[in-house]
Structure formats: structure tokens, C-alpha cells
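Note: the block below is input25.cif and it holds mmCIF, C-alpha atoms.
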```cif
data_coords
#
loop_
_atom_site.label_atom_id
_atom_site.label_comp_id
_atom_site.auth_asym_id
_atom_site.auth_seq_id
_atom_site.Cartn_x
_atom_site.Cartn_y
_atom_site.Cartn_z
CA MET J 1 -130.40 83.44 16.66
CA SER J 2 -131.62 79.89 16.95
CA GLY J 3 -134.66 77.88 17.91
CA GLU J 4 -137.82 76.58 16.31
CA VAL J 5 -139.40 78.40 13.38
CA PHE J 6 -143.13 78.76 12.73
CA ARG J 7 -144.20 78.08 9.12
CA GLY J 8 -147.81 79.32 9.16
CA ASN J 9 -149.27 82.23 7.18
CA PHE J 10 -150.65 85.11 9.26
CA THR J 11 -152.81 86.42 6.41
CA GLN J 12 -154.34 83.11 5.28
CA GLN J 13 -158.03 82.95 6.14
CA GLU J 14 -160.03 79.73 6.39
CA PRO J 15 -161.87 78.70 3.19
CA ILE J 16 -165.33 80.01 2.39
CA PRO J 17 -167.82 77.24 3.36
CA GLU J 18 -168.93 74.99 0.52
CA GLU J 19 -172.57 75.85 1.19
CA ALA J 20 -171.76 79.54 0.70
CA ILE J 21 -169.88 78.81 -2.51
CA GLU J 22 -172.85 76.85 -3.85
CA ARG J 23 -175.24 79.68 -3.06
CA ALA J 24 -172.89 82.19 -4.67
CA VAL J 25 -172.81 80.11 -7.85
CA GLU J 26 -176.62 80.10 -7.89
CA VAL J 27 -176.60 83.90 -7.68
CA LEU J 28 -174.08 84.13 -10.52
CA ARG J 29 -176.17 81.82 -12.68
CA SER J 30 -179.24 84.00 -12.09
CA GLY J 31 -177.41 87.10 -13.30
CA ARG J 32 -179.24 89.11 -10.64
CA LEU J 33 -176.39 90.57 -8.62
CA HIS J 34 -177.78 94.06 -7.89
CA ARG J 35 -179.69 94.20 -4.61
CA TYR J 36 -182.84 95.60 -6.27
CA ASN J 37 -182.74 93.16 -9.21
CA VAL J 38 -185.13 90.55 -7.81
CA LEU J 39 -188.13 88.58 -9.02
CA PRO J 40 -191.61 89.71 -7.87
CA ASP J 41 -191.80 87.04 -5.16
CA GLU J 42 -188.10 87.18 -4.20
CA ALA J 43 -186.67 89.07 -1.21
CA GLY J 44 -183.08 88.73 -2.42
CA GLU J 45 -179.92 87.74 -0.58
CA VAL J 46 -179.13 91.25 0.66
CA ALA J 47 -182.54 91.81 2.24
CA LEU J 48 -182.39 88.38 3.86
CA LEU J 49 -178.90 89.07 5.22
CA GLU J 50 -180.19 92.32 6.73
CA GLN J 51 -183.07 90.52 8.41
CA GLU J 52 -180.79 87.84 9.80
CA PHE J 53 -178.16 90.27 11.02
CA ALA J 54 -180.75 92.49 12.70
CA ALA J 55 -182.05 89.42 14.53
CA LEU J 56 -178.54 88.38 15.58
CA ALA J 57 -177.70 91.86 16.86
CA GLY J 58 -181.09 92.37 18.49
CA ALA J 59 -181.69 95.50 16.41
CA ARG J 60 -184.87 96.73 14.74
CA TYR J 61 -183.16 97.72 11.49
CA ALA J 62 -180.09 96.68 9.50
CA LEU J 63 -178.50 97.84 6.27
CA ALA J 64 -175.86 95.97 4.23
CA VAL J 65 -173.36 98.20 2.44
CA ALA J 66 -170.18 98.08 0.37
CA SER J 67 -167.65 98.31 3.22
CA GLY J 68 -167.23 98.96 6.91
CA GLY J 69 -165.71 102.33 6.10
CA TYR J 70 -168.74 103.24 4.03
CA ALA J 71 -170.98 102.25 6.96
CA LEU J 72 -169.07 104.69 9.20
CA GLY J 73 -169.46 107.60 6.78
CA CYS J 74 -173.11 106.72 6.21
CA ALA J 75 -173.72 106.68 9.97
CA LEU J 76 -172.17 110.12 10.40
CA ARG J 77 -174.36 111.56 7.65
CA ALA J 78 -177.46 109.82 8.99
CA VAL J 79 -177.07 111.34 12.48
CA GLY J 80 -176.60 114.78 10.95
CA VAL J 81 -172.86 115.44 11.21
CA ALA J 82 -172.08 118.42 8.97
CA HIS J 83 -169.02 120.14 7.53
CA GLY J 84 -166.87 121.62 10.28
CA ASP J 85 -168.50 119.70 13.13
CA ALA J 86 -166.29 118.21 15.84
CA VAL J 87 -166.52 114.42 16.21
CA LEU J 88 -164.89 112.61 19.12
CA THR J 89 -163.04 109.36 18.45
CA ASN J 90 -160.32 107.13 19.89
CA ALA J 91 -156.66 108.03 19.52
CA PHE J 92 -156.11 104.26 19.18
CA THR J 93 -158.03 103.22 16.10
CA LEU J 94 -157.47 102.48 12.42
CA ALA J 95 -157.37 104.99 9.58
CA PRO J 96 -160.93 104.36 8.23
CA VAL J 97 -162.40 105.93 11.40
CA PRO J 98 -160.81 109.41 11.14
CA GLY J 99 -161.08 108.91 7.37
CA ALA J 100 -164.87 108.64 7.64
CA ILE J 101 -164.95 111.77 9.79
CA ALA J 102 -162.83 113.65 7.24
CA SER J 103 -165.01 112.37 4.38
CA VAL J 104 -167.98 114.39 5.65
CA GLY J 105 -165.81 117.45 6.27
CA ALA J 106 -165.90 117.06 10.05
CA ARG J 107 -163.02 117.41 12.53
CA SER J 108 -161.60 114.52 14.56
CA ILE J 109 -161.14 115.19 18.27
CA PHE J 110 -158.96 112.37 19.58
CA VAL J 111 -159.60 110.88 23.01
CA GLY J 112 -156.81 109.13 24.90
CA VAL J 113 -156.22 105.40 25.31
CA THR J 114 -155.67 103.51 28.56
CA GLU J 115 -153.25 100.66 29.19
CA GLY J 116 -156.31 98.42 28.74
CA LEU J 117 -156.41 99.66 25.13
CA VAL J 118 -159.83 101.27 25.52
CA ILE J 119 -160.95 104.88 25.34
CA ASP J 120 -159.99 106.93 28.42
CA LEU J 121 -163.29 107.91 30.06
CA ASP J 122 -161.71 110.72 32.09
CA ASP J 123 -160.24 112.23 28.95
CA LEU J 124 -163.56 111.72 27.17
CA GLN J 125 -165.32 113.93 29.71
CA VAL J 126 -162.68 116.62 29.29
CA LYS J 127 -162.87 116.49 25.48
CA ILE J 128 -166.69 116.65 25.48
CA ALA J 129 -166.55 119.78 27.63
CA ASP J 130 -163.69 121.42 25.71
CA SER J 131 -164.81 120.62 22.15
CA GLY J 132 -168.57 120.93 22.36
CA ALA J 133 -168.75 117.79 20.17
CA ARG J 134 -172.12 116.05 20.16
CA VAL J 135 -171.09 112.82 18.41
CA LEU J 136 -168.65 110.12 19.52
CA MET J 137 -167.48 107.56 16.98
CA LEU J 138 -166.37 104.90 19.44
CA SER J 139 -163.90 102.38 18.05
CA HIS J 140 -163.76 99.01 19.80
CA MET J 141 -160.23 98.83 18.50
CA ARG J 142 -158.77 95.33 18.09
CA GLY J 143 -161.79 93.97 19.96
CA HIS J 144 -161.25 95.78 23.29
CA ILE J 145 -164.53 96.99 24.79
CA VAL J 146 -164.64 99.82 27.33
CA ASP J 147 -167.09 99.80 30.24
CA MET J 148 -170.12 100.56 28.09
CA ASP J 149 -172.40 101.34 31.00
CA ALA J 150 -170.02 104.03 32.25
CA LEU J 151 -169.45 105.41 28.75
CA MET J 152 -173.17 105.65 27.99
CA TYR J 153 -173.79 107.37 31.35
CA ILE J 154 -171.27 110.04 30.37
CA CYS J 155 -172.55 110.44 26.81
CA ASN J 156 -176.24 110.40 27.64
CA GLY J 157 -175.67 112.98 30.35
CA ALA J 158 -173.81 115.25 27.93
CA GLY J 159 -176.21 114.76 25.00
CA VAL J 160 -173.56 112.97 22.92
CA THR J 161 -174.75 110.54 20.22
CA VAL J 162 -172.66 107.35 20.14
CA ILE J 163 -171.79 105.58 16.89
CA GLU J 164 -170.07 102.26 17.61
CA ASP J 165 -167.35 101.04 15.25
CA CYS J 166 -167.70 97.27 15.72
CA ALA J 167 -165.35 96.18 12.94
CA HIS J 168 -163.47 94.03 15.50
CA THR J 169 -166.36 93.07 17.79
CA MET J 170 -168.97 91.31 15.64
CA GLY J 171 -170.09 88.47 17.90
CA ALA J 172 -168.77 90.14 21.07
CA THR J 173 -170.78 91.34 24.07
CA TRP J 174 -170.58 93.70 27.03
CA ASP J 175 -172.33 92.31 30.11
CA GLY J 176 -174.41 90.09 27.84
CA VAL J 177 -175.46 92.86 25.45
CA PRO J 178 -174.26 92.40 21.84
CA SER J 179 -171.53 94.82 20.83
CA GLY J 180 -173.09 97.70 18.95
CA ARG J 181 -176.34 97.80 20.91
CA HIS J 182 -175.46 100.50 23.44
CA GLY J 183 -175.11 103.41 21.04
CA THR J 184 -177.58 104.94 18.59
CA ILE J 185 -176.03 103.26 15.58
CA ALA J 186 -173.38 100.58 15.02
CA CYS J 187 -171.17 99.73 12.06
CA TYR J 188 -169.56 96.38 11.25
CA SER J 189 -167.10 95.18 8.62
CA THR J 190 -167.09 92.01 6.53
CA GLN J 191 -163.68 92.67 5.02
CA THR J 192 -161.51 89.56 4.64
CA TYR J 193 -159.71 89.90 7.98
CA LYS J 194 -162.88 90.46 10.02
CA HIS J 195 -165.23 87.89 11.57
CA ILE J 196 -167.22 87.03 8.45
CA ASN J 197 -165.60 87.39 5.06
CA SER J 198 -166.93 88.83 1.81
CA GLY J 199 -163.67 90.45 0.71
CA GLU J 200 -165.21 93.87 1.30
CA GLY J 201 -168.55 94.73 2.86
CA GLY J 202 -170.23 96.24 5.86
CA LEU J 203 -173.38 96.33 7.96
CA LEU J 204 -175.11 99.04 9.94
CA VAL J 205 -177.78 98.62 12.64
CA THR J 206 -179.99 101.01 14.58
CA ASP J 207 -183.32 101.14 16.38
CA ASP J 208 -184.01 104.73 15.28
CA ASP J 209 -186.67 105.05 12.55
CA GLU J 210 -185.40 108.26 10.95
CA ILE J 211 -181.71 107.31 11.09
CA ALA J 212 -182.49 103.94 9.47
CA ALA J 213 -184.51 105.61 6.70
CA LYS J 214 -181.77 108.14 6.02
CA ALA J 215 -179.09 105.43 5.93
CA ILE J 216 -181.09 103.38 3.41
CA LEU J 217 -181.61 106.43 1.20
CA LEU J 218 -177.96 107.46 1.54
CA SER J 219 -176.82 103.99 0.49
CA GLY J 220 -178.47 104.43 -2.91
CA SER J 221 -182.01 103.09 -2.75
CA TYR J 222 -183.23 105.14 -5.75
CA MET J 223 -186.63 105.24 -4.02
CA LEU J 224 -186.72 101.44 -3.96
CA TYR J 225 -186.62 101.45 -0.17
CA GLY J 226 -189.81 99.41 -0.09
CA ALA J 227 -187.76 96.39 -1.17
CA HIS J 228 -185.96 96.47 2.19
CA THR J 229 -187.44 94.20 4.83
CA ALA J 230 -185.32 95.23 7.86
CA ARG J 231 -186.50 98.84 7.55
CA PRO J 232 -188.77 101.36 9.31
CA PRO J 233 -192.36 102.00 8.14
CA LEU J 234 -192.72 103.55 4.70
CA ASP J 235 -194.17 106.81 6.02
CA VAL J 236 -190.84 107.56 7.72
CA PHE J 237 -189.17 107.72 4.30
CA GLU J 238 -191.73 110.26 3.11
CA LYS J 239 -190.41 112.74 5.67
CA VAL J 240 -186.76 112.56 4.59
CA LYS J 241 -186.52 111.19 1.06
CA TYR J 242 -186.23 114.52 -0.77
CA ASP J 243 -183.62 115.94 1.60
CA THR J 244 -181.32 112.92 1.84
CA PRO J 245 -178.65 112.59 -0.87
CA ASN J 246 -177.74 109.38 -2.67
CA VAL J 247 -174.18 108.42 -1.71
CA SER J 248 -174.24 104.99 -3.29
CA GLY J 249 -172.64 102.14 -1.37
CA ARG J 250 -174.95 99.15 -1.65
CA MET J 251 -174.01 95.53 -1.04
CA ASP J 252 -174.72 93.04 -3.85
CA HIS J 253 -176.41 89.64 -3.72
CA LEU J 254 -173.16 87.75 -4.34
CA ARG J 255 -171.48 89.01 -1.20
CA ALA J 256 -174.67 88.69 0.83
CA ALA J 257 -175.05 85.05 -0.20
CA ILE J 258 -171.53 84.29 0.99
CA LEU J 259 -172.10 86.10 4.28
CA ARG J 260 -175.44 84.56 5.21
CA VAL J 261 -173.92 81.09 5.60
CA GLN J 262 -170.96 82.39 7.58
CA LEU J 263 -173.24 84.34 9.89
CA ARG J 264 -174.88 81.11 11.03
CA HIS J 265 -171.48 79.75 12.04
CA LEU J 266 -170.31 82.90 13.86
CA PRO J 267 -170.77 81.58 17.44
CA ASP J 268 -168.59 78.56 16.67
CA GLN J 269 -165.98 80.80 15.06
CA VAL J 270 -165.92 83.03 18.12
CA ALA J 271 -165.28 80.01 20.36
CA ASN J 272 -162.46 78.87 18.05
CA TRP J 273 -160.78 82.29 18.08
CA ASN J 274 -161.01 82.56 21.85
CA ALA J 275 -159.47 79.13 22.32
CA ARG J 276 -156.46 80.25 20.28
CA TYR J 277 -156.28 83.55 22.11
CA ARG J 278 -156.19 81.84 25.50
CA VAL J 279 -153.38 79.50 24.41
CA VAL J 280 -151.18 82.40 23.28
CA GLU J 281 -152.14 84.49 26.31
CA GLU J 282 -151.17 81.69 28.69
CA GLY J 283 -147.94 81.08 26.81
CA VAL J 284 -146.70 84.65 27.28
CA ARG J 285 -148.08 85.21 30.77
CA ASP J 286 -145.60 86.35 33.45
CA VAL J 287 -142.88 87.20 30.93
CA ALA J 288 -140.71 89.98 32.36
CA GLY J 289 -141.18 93.23 30.46
CA LEU J 290 -144.32 92.07 28.63
CA THR J 291 -147.71 93.38 29.79
CA LEU J 292 -150.83 91.42 28.89
CA ILE J 293 -154.15 93.24 28.55
CA ASP J 294 -156.61 92.42 31.32
CA ARG J 295 -160.01 91.46 29.87
CA PRO J 296 -162.87 92.55 32.17
CA GLN J 297 -165.30 89.89 33.32
CA GLN J 298 -168.19 91.72 31.60
CA GLU J 299 -166.40 91.62 28.24
CA GLY J 300 -167.41 88.75 25.99
CA PHE J 301 -164.63 89.38 23.49
CA VAL J 302 -163.67 87.79 20.18
CA GLY J 303 -159.97 86.89 20.21
CA SER J 304 -159.28 87.17 16.48
CA SER J 305 -156.10 89.06 17.37
CA ILE J 306 -154.01 89.53 20.50
CA GLN J 307 -152.14 92.55 21.80
CA PHE J 308 -149.53 93.06 24.47
CA LEU J 309 -147.47 96.02 25.66
CA LEU J 310 -143.71 96.50 25.86
CA LEU J 311 -144.12 99.51 28.13
CA ASP J 312 -141.22 101.96 28.34
CA TRP J 313 -138.96 99.83 26.16
CA ALA J 314 -136.56 101.71 23.91
CA ASP J 315 -137.70 101.77 20.29
CA GLU J 316 -134.67 99.83 19.15
CA ARG J 317 -135.42 96.96 21.50
CA ILE J 318 -139.06 96.75 20.40
CA LYS J 319 -137.95 96.73 16.78
CA ALA J 320 -135.48 93.98 17.69
CA VAL J 321 -138.29 91.83 19.15
CA VAL J 322 -140.44 92.33 16.04
CA ALA J 323 -137.52 91.50 13.73
CA ALA J 324 -136.42 88.46 15.74
CA CYS J 325 -139.93 87.01 15.84
CA LYS J 326 -140.34 87.62 12.11
CA ALA J 327 -137.09 85.77 11.43
CA ARG J 328 -138.68 82.82 13.23
CA GLY J 329 -141.94 83.08 11.27
CA VAL J 330 -144.08 85.05 13.76
CA GLU J 331 -145.47 88.30 12.34
CA LEU J 332 -145.95 91.02 14.94
CA LYS J 333 -147.12 94.55 14.17
CA TRP J 334 -145.87 97.50 16.20
CA PHE J 335 -148.08 100.56 16.58
CA GLY J 336 -145.17 102.62 17.86
CA ALA J 337 -143.31 102.84 14.57
CA PRO J 338 -142.71 106.47 13.54
CA ASP J 339 -144.17 105.88 10.08
CA PRO J 340 -147.27 103.88 9.14
CA VAL J 341 -146.67 100.23 8.24
CA ALA J 342 -149.69 98.54 6.63
CA PHE J 343 -152.59 99.23 9.04
CA THR J 344 -150.52 100.38 12.03
CA SER J 345 -150.99 104.12 11.64
CA ARG J 346 -151.65 106.35 14.67
CA TYR J 347 -153.51 109.59 15.32
CA ASP J 348 -150.33 111.64 14.75
CA ASN J 349 -149.90 110.10 11.27
CA TRP J 350 -153.25 111.44 10.02
CA ARG J 351 -152.17 114.89 8.88
CA TYR J 352 -155.66 115.73 7.59
CA ALA J 353 -156.64 115.96 11.28
CA ASP J 354 -155.54 118.85 13.49
CA PRO J 355 -152.41 118.15 15.59
CA GLN J 356 -153.39 117.15 19.13
CA PRO J 357 -150.84 116.35 21.86
CA LEU J 358 -151.66 113.21 23.87
CA PRO J 359 -148.49 112.40 25.84
CA ASP J 360 -150.06 109.77 28.12
CA SER J 361 -151.54 107.98 25.12
CA ASP J 362 -148.26 108.24 23.22
CA ARG J 363 -146.60 106.14 25.93
CA VAL J 364 -149.22 103.40 25.45
CA LEU J 365 -149.30 103.57 21.66
CA ARG J 366 -145.51 103.28 21.47
CA ALA J 367 -145.77 100.02 23.43
CA ILE J 368 -148.54 98.20 21.52
CA VAL J 369 -147.59 94.99 19.75
CA ASP J 370 -150.35 93.29 17.78
CA MET J 371 -150.76 89.86 16.18
CA ARG J 372 -153.52 88.24 14.14
CA LEU J 373 -154.82 84.80 15.09
CA PRO J 374 -156.19 83.22 11.91
CA LEU J 375 -158.40 80.17 12.34
CA THR J 376 -156.07 78.37 9.94
CA PHE J 377 -153.74 78.05 12.96
CA SER J 378 -154.21 75.04 15.24
CA LEU J 379 -153.97 75.19 19.02
CA ASP J 380 -150.57 73.49 18.74
CA ASP J 381 -149.49 76.24 16.34
CA CYS J 382 -150.47 78.78 18.97
CA VAL J 383 -148.29 77.04 21.55
CA VAL J 384 -145.31 77.36 19.21
CA ILE J 385 -146.08 81.02 18.43
CA ALA J 386 -146.30 81.89 22.12
CA ARG J 387 -143.04 80.07 22.83
CA ILE J 388 -141.22 82.03 20.12
CA ILE J 389 -142.56 85.37 21.39
CA LYS J 390 -141.58 84.48 24.95
CA ASP J 391 -138.08 83.39 23.89
CA GLU J 392 -137.37 86.61 22.03
CA VAL J 393 -138.87 88.98 24.61
CA VAL J 394 -136.85 87.31 27.37
CA ARG J 395 -133.69 87.33 25.26
CA ILE J 396 -133.94 91.00 24.25
CA HIS J 397 -135.34 92.36 27.50
#
```
Write out the structure in this file as C-alpha cells.
Amino acid sequence: MSGEVFRGNFTQQEPIPEEAIERAVEVLRSGRLHRYNVLPDEAGEVALLEQEFAALAGARYALAVASGGYALGCALRAVGVAHGDAVLTNAFTLAPVPGAIASVGARSIFVGVTEGLVIDLDDLQVKIADSGARVLMLSHMRGHIVDMDALMYICNGAGVTVIEDCAHTMGATWDGVPSGRHGTIACYSTQTYKHINSGEGGLLVTDDDEIAAKAILLSGSYMLYGAHTARPPLDVFEKVKYDTPNVSGRMDHLRAAILRVQLRHLPDQVANWNARYRVVEEGVRDVAGLTLIDRPQQEGFVGSSIQFLLLDWADERIKAVVAACKARGVELKWFGAPDPVAFTSRYDNWRYADPQPLPDSDRVLRAIVDMRLPLTFSLDDCVVIARIIKDEVVRIH
């Protein structure tokens, strides 16, 4: 094997902005890290983040929590999912999604994936009818957004509540509507490898008064819900406060302070990711054996990662591509591996969920190759990365 080698780090994020660091130091000096530890005339960083995120998303209410996974579990509880209930979700997603469903004692019903890496709407209709499920936890996995108008037509007609997992689509849109604003409730992540970075953290938005009140109480408000500013009227809490358990998962002021600054820069970050995405996409276009994912015109995506398919390749050849690229410094992740590697687990790896055969989806999942696009990479870096991928796919194909 020969050729150029890439020296970049696929897990190195860009630095936290200096303004965010300064605000974080101010919070540390105050000693008031807990979201309800504020002065009488002080809203607090968490409440301000919620206001700002609600405005960005175009939502009435927002709640900042400890992680994206916590937001998912909180959403399920807030819409009334109970032990033993069936919850629909994508076969192509990450472990926190079926994990959240399992955490409330519910059952995951997996819906197939298309070659566009979105939920299969034909299979969705079949699974709604067969399972009787009344909740869909829709994962916009790796930033791929299904036709949301068609999906909502199906779900509204069947009486299915949609929870959107927007961990990979903060800042994205479908036909001009912000990702997360089609369903009843949406959950976002601020984990390090997402679109704004607090190490761990999450956000939840909804327009529904009662769901918002329940989510705030669930997150651990200790009856201090009046301190929230992106919340429903206080009388809504009176109806549900004694029947909603405390499942604590609050965000703290330190993380909120870091996030508020980053949130203001999100549109610029989206443009920077998409520029890198397009360079890599163009560099591997028309490579024999490699299938790019078509992005619909209505999809305003965030290209923080890129995926392609090696459809119907033998496992050994896919593994050879991954290994050859790694030897040249390009880190690809393969969702077809028989055992989970880092985050690349599949529906058939989650043994806490009932076995469910999905042969058409298996063909797609076996073919998915995934790569992060950190903003620490330059556009020239992306040219080199694409060239290495192309070289090795052509050589091994």
C-alpha cells in the first residue's frame, strides 16, 4: 500500500470560544452552578439558554437537561409511554434511542431503513397497523431527514405521536421548517460530537402546555418550576405536579453558559460543515461500487458527518477498505460489523429488544460506511481525505 497519508484527528473538536470560556469562569467564580441557585433578580444561564433555544427552534417551550439520552427518556414519560407499551423507532439509529425506550419499560418496534438512510414510510405504515403503537421516536440518524410532510400525514392519520430525535439535526430544516418542529416534541444533544458542545447535555422543545409542564417536573424542578421562563402558565403545573415523578436530569449553569455563546454561532458552523461535506462528496462522486446518499432538495441538512454505501460488497472487502483507509489516516466506521464497535451498533445488537427480522434493512445496514467531518479539518484536508477514500475503494473494488 502506498500513497499520501492524512495526519488529522477525527475526534478533535474545535476549541470552545473565548467568550464562552470567560462566561464559564464567571459562573465558577459565583459558585452558583445549580440551575435554581440564582439571585432574586437573576434568570440564570440555564433559563436564558432555554429562552434562546426556544426562539431559535420556533418553539413555545424549551427545557435544558443533562444529556440527549435523558431528553429522549423524559419525552417518552411526558407523552405518557408506560411499561409494556410498543414504541416505533428506526432500525438505523444509535443505542441511546432504543435505550431510552427500554428505560421506561417499553418495547422497541423497529422500522426499516431505505437506501437514503431514512425511515421506510411503507414499512412504518405496516408496523403501525401490526403493532398498535401510538408513539414513534423518529431518529434523524446521522442527519438524514425523511419527507416530514409524508411522515406526519401517516402519523396524524393513525393517531401516532411523533417524538423527534434531533441529535444530528440541530440547525437543519425540512422545507424551511427547523428540524424538530413537525412532531409533538423534539430532543437535541449537546454532547461533544454534536453541533454545540458542552461535553454532555441536551435540550427538549414542544408547543404542548401539559407535556412541557410534565417534562420540567420530571427533570427535577422540586416545585421551583416558576423559575423557568420558557415554560407554560403556572396553572398548567397545578394539574400535573402531584402525579409527575422527579427523575432528576437538570442542566447546570456552567454548561448553559458555554452553550449560549455557541448557539449564536450555529448558522456559521452549519455553513462550515456543509462546505466540508460537499468537498468530500464531490471527491468520491462517480466511484464505481460506492453509492452516495442523495440529499432531497427540501432537506437543509448539517453535514457534520458523511455516509456512503458499499452495497452488496462482501464483508471482507468492506473491512479491507476500512483498514486500508485507516492505515492512511482516514477513520471510517462500518455499521455492518457483526459486533458493535464504538457507536456503530445495530438493531440486532440490542438484545434487550425483541428479535425482529428486517432483511431489506440488513442489506442497507451492512453497506453503511460513516465518517465524521470535524471543523478542525480544512477544505484542503477534505480534498485529501476524499482522494484517499477514492483510491482505496477503486483499488479494492
So which residues fall inside 6 Å of (-159.8, 83.2, 8.0) if we count all atoms listed in the file? Mind giving them as a compact mmCIF listing (two decimals) with C-alpha atoms, keeping the file's coordinate frame?
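Once written, result.txt looks like this:
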```
# COMPACT_ATOMS: atom_id res chain seq x y z
CA GLN J 13 -158.03 82.95 6.14
CA GLU J 14 -160.03 79.73 6.39
CA PRO J 374 -156.19 83.22 11.91
CA LEU J 375 -158.40 80.17 12.34
```
Residues selected by the PyMOL selection byres ((chain J and resi 121-131) around 9), written as a PyMOL selection string: chain J and resi 86-88+109-114+118-120+132-134+146-147+150-151+154-155+158+160
Keeping only C-alpha atoms, write the selected residues as a PDB file, in the frame of the given file.
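Dumped everything to selection_15.pdb:
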```pdb
ATOM      1  CA  ALA J  86    -166.290 118.210  15.840  1.00  0.00           C
ATOM      2  CA  VAL J  87    -166.520 114.420  16.210  1.00  0.00           C
ATOM      3  CA  LEU J  88    -164.890 112.610  19.120  1.00  0.00           C
ATOM      4  CA  ILE J 109    -161.140 115.190  18.270  1.00  0.00           C
ATOM      5  CA  PHE J 110    -158.960 112.370  19.580  1.00  0.00           C
ATOM      6  CA  VAL J 111    -159.600 110.880  23.010  1.00  0.00           C
ATOM      7  CA  GLY J 112    -156.810 109.130  24.900  1.00  0.00           C
ATOM      8  CA  VAL J 113    -156.220 105.400  25.310  1.00  0.00           C
ATOM      9  CA  THR J 114    -155.670 103.510  28.560  1.00  0.00           C
ATOM     10  CA  VAL J 118    -159.830 101.270  25.520  1.00  0.00           C
ATOM     11  CA  ILE J 119    -160.950 104.880  25.340  1.00  0.00           C
ATOM     12  CA  ASP J 120    -159.990 106.930  28.420  1.00  0.00           C
ATOM     13  CA  GLY J 132    -168.570 120.930  22.360  1.00  0.00           C
ATOM     14  CA  ALA J 133    -168.750 117.790  20.170  1.00  0.00           C
ATOM     15  CA  ARG J 134    -172.120 116.050  20.160  1.00  0.00           C
ATOM     16  CA  VAL J 146    -164.640  99.820  27.330  1.00  0.00           C
ATOM     17  CA  ASP J 147    -167.090  99.800  30.240  1.00  0.00           C
ATOM     18  CA  ALA J 150    -170.020 104.030  32.250  1.00  0.00           C
ATOM     19  CA  LEU J 151    -169.450 105.410  28.750  1.00  0.00           C
ATOM     20  CA  ILE J 154    -171.270 110.040  30.370  1.00  0.00           C
ATOM     21  CA  CYS J 155    -172.550 110.440  26.810  1.00  0.00           C
ATOM     22  CA  ALA J 158    -173.810 115.250  27.930  1.00  0.00           C
ATOM     23  CA  VAL J 160    -173.560 112.970  22.920  1.00  0.00           C
TER      24      VAL J 160
END
```
Given the PyMOL selection byres ((chain J and resi 165) around 7), the residues it picks as a VMD selection string: chain J and resid 137 to 140 163 to 164 166 to 167 186 to 188
Contacts of stretch 192-217 of chain J with stretch 47-55 of chain J up to 10 Å, shortest pair per row, all atoms listed in the file, as a Markdown table:
```
| residue | atom | partner | partner_atom | distance |
| --- | --- | --- | --- | --- |
| J:Leu203 | CA | J:Glu50 | CA | 8.0 |
| J:Leu204 | CA | J:Glu50 | CA | 9.0 |
| J:Val205 | CA | J:Ala54 | CA | 6.8 |
| J:Thr206 | CA | J:Ala54 | CA | 8.8 |
| J:Asp207 | CA | J:Ala54 | CA | 9.7 |
```
Among listed residues J:His228, J:Arg60, J:His34, J:Lys326, nearest J:Arg255 (using only C-alpha atoms): J:His34
Would you mind listing, for every residue of stretch 250-287 of chain J within 12 Å of stretch 377-388 of chain J, the two atoms forming the shortest contact and the distance between them in Å to one decimal, using all atoms listed in the file, sorted by chain and ascending residue number, as a Markdown table?
```
| residue | atom | partner | partner_atom | distance |
| --- | --- | --- | --- | --- |
| J:Asn272 | CA | J:Leu379 | CA | 9.3 |
| J:Trp273 | CA | J:Phe377 | CA | 9.7 |
| J:Asn274 | CA | J:Leu379 | CA | 10.6 |
| J:Ala275 | CA | J:Leu379 | CA | 7.5 |
| J:Arg276 | CA | J:Leu379 | CA | 5.8 |
| J:Tyr277 | CA | J:Cys382 | CA | 8.1 |
| J:Arg278 | CA | J:Cys382 | CA | 9.2 |
| J:Val279 | CA | J:Cys382 | CA | 6.2 |
| J:Val280 | CA | J:Ala386 | CA | 5.0 |
| J:Glu281 | CA | J:Ala386 | CA | 7.6 |
| J:Glu282 | CA | J:Ala386 | CA | 8.2 |
| J:Gly283 | CA | J:Ala386 | CA | 5.0 |
| J:Val284 | CA | J:Ala386 | CA | 5.9 |
| J:Arg285 | CA | J:Ala386 | CA | 9.4 |
| J:Val287 | CA | J:Arg387 | CA | 10.8 |
```
Pick from J:Gly8, J:Gly116, J:Pro357, J:Gly226, whichever lies nearest to J:Phe308 using all atoms listed in the file: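 Nearest to J:Phe308: J:Gly116.
Take atom CA of J:Ala75 and atom CA of J:Asn90: the distance between them is 16.7 Å.
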Chain and number of each residue from the PyMOL selection byres ((chain J and resi 73) around 8), as a ChimeraX atom specification: /J:69-72,74-77,100-101,103-104
Of the listed residues J:Ile389, J:Ala257, J:Val394, J:Ala212, that which approaches J:Ala230 most closely, counting only C-alpha atoms: J:Ala212
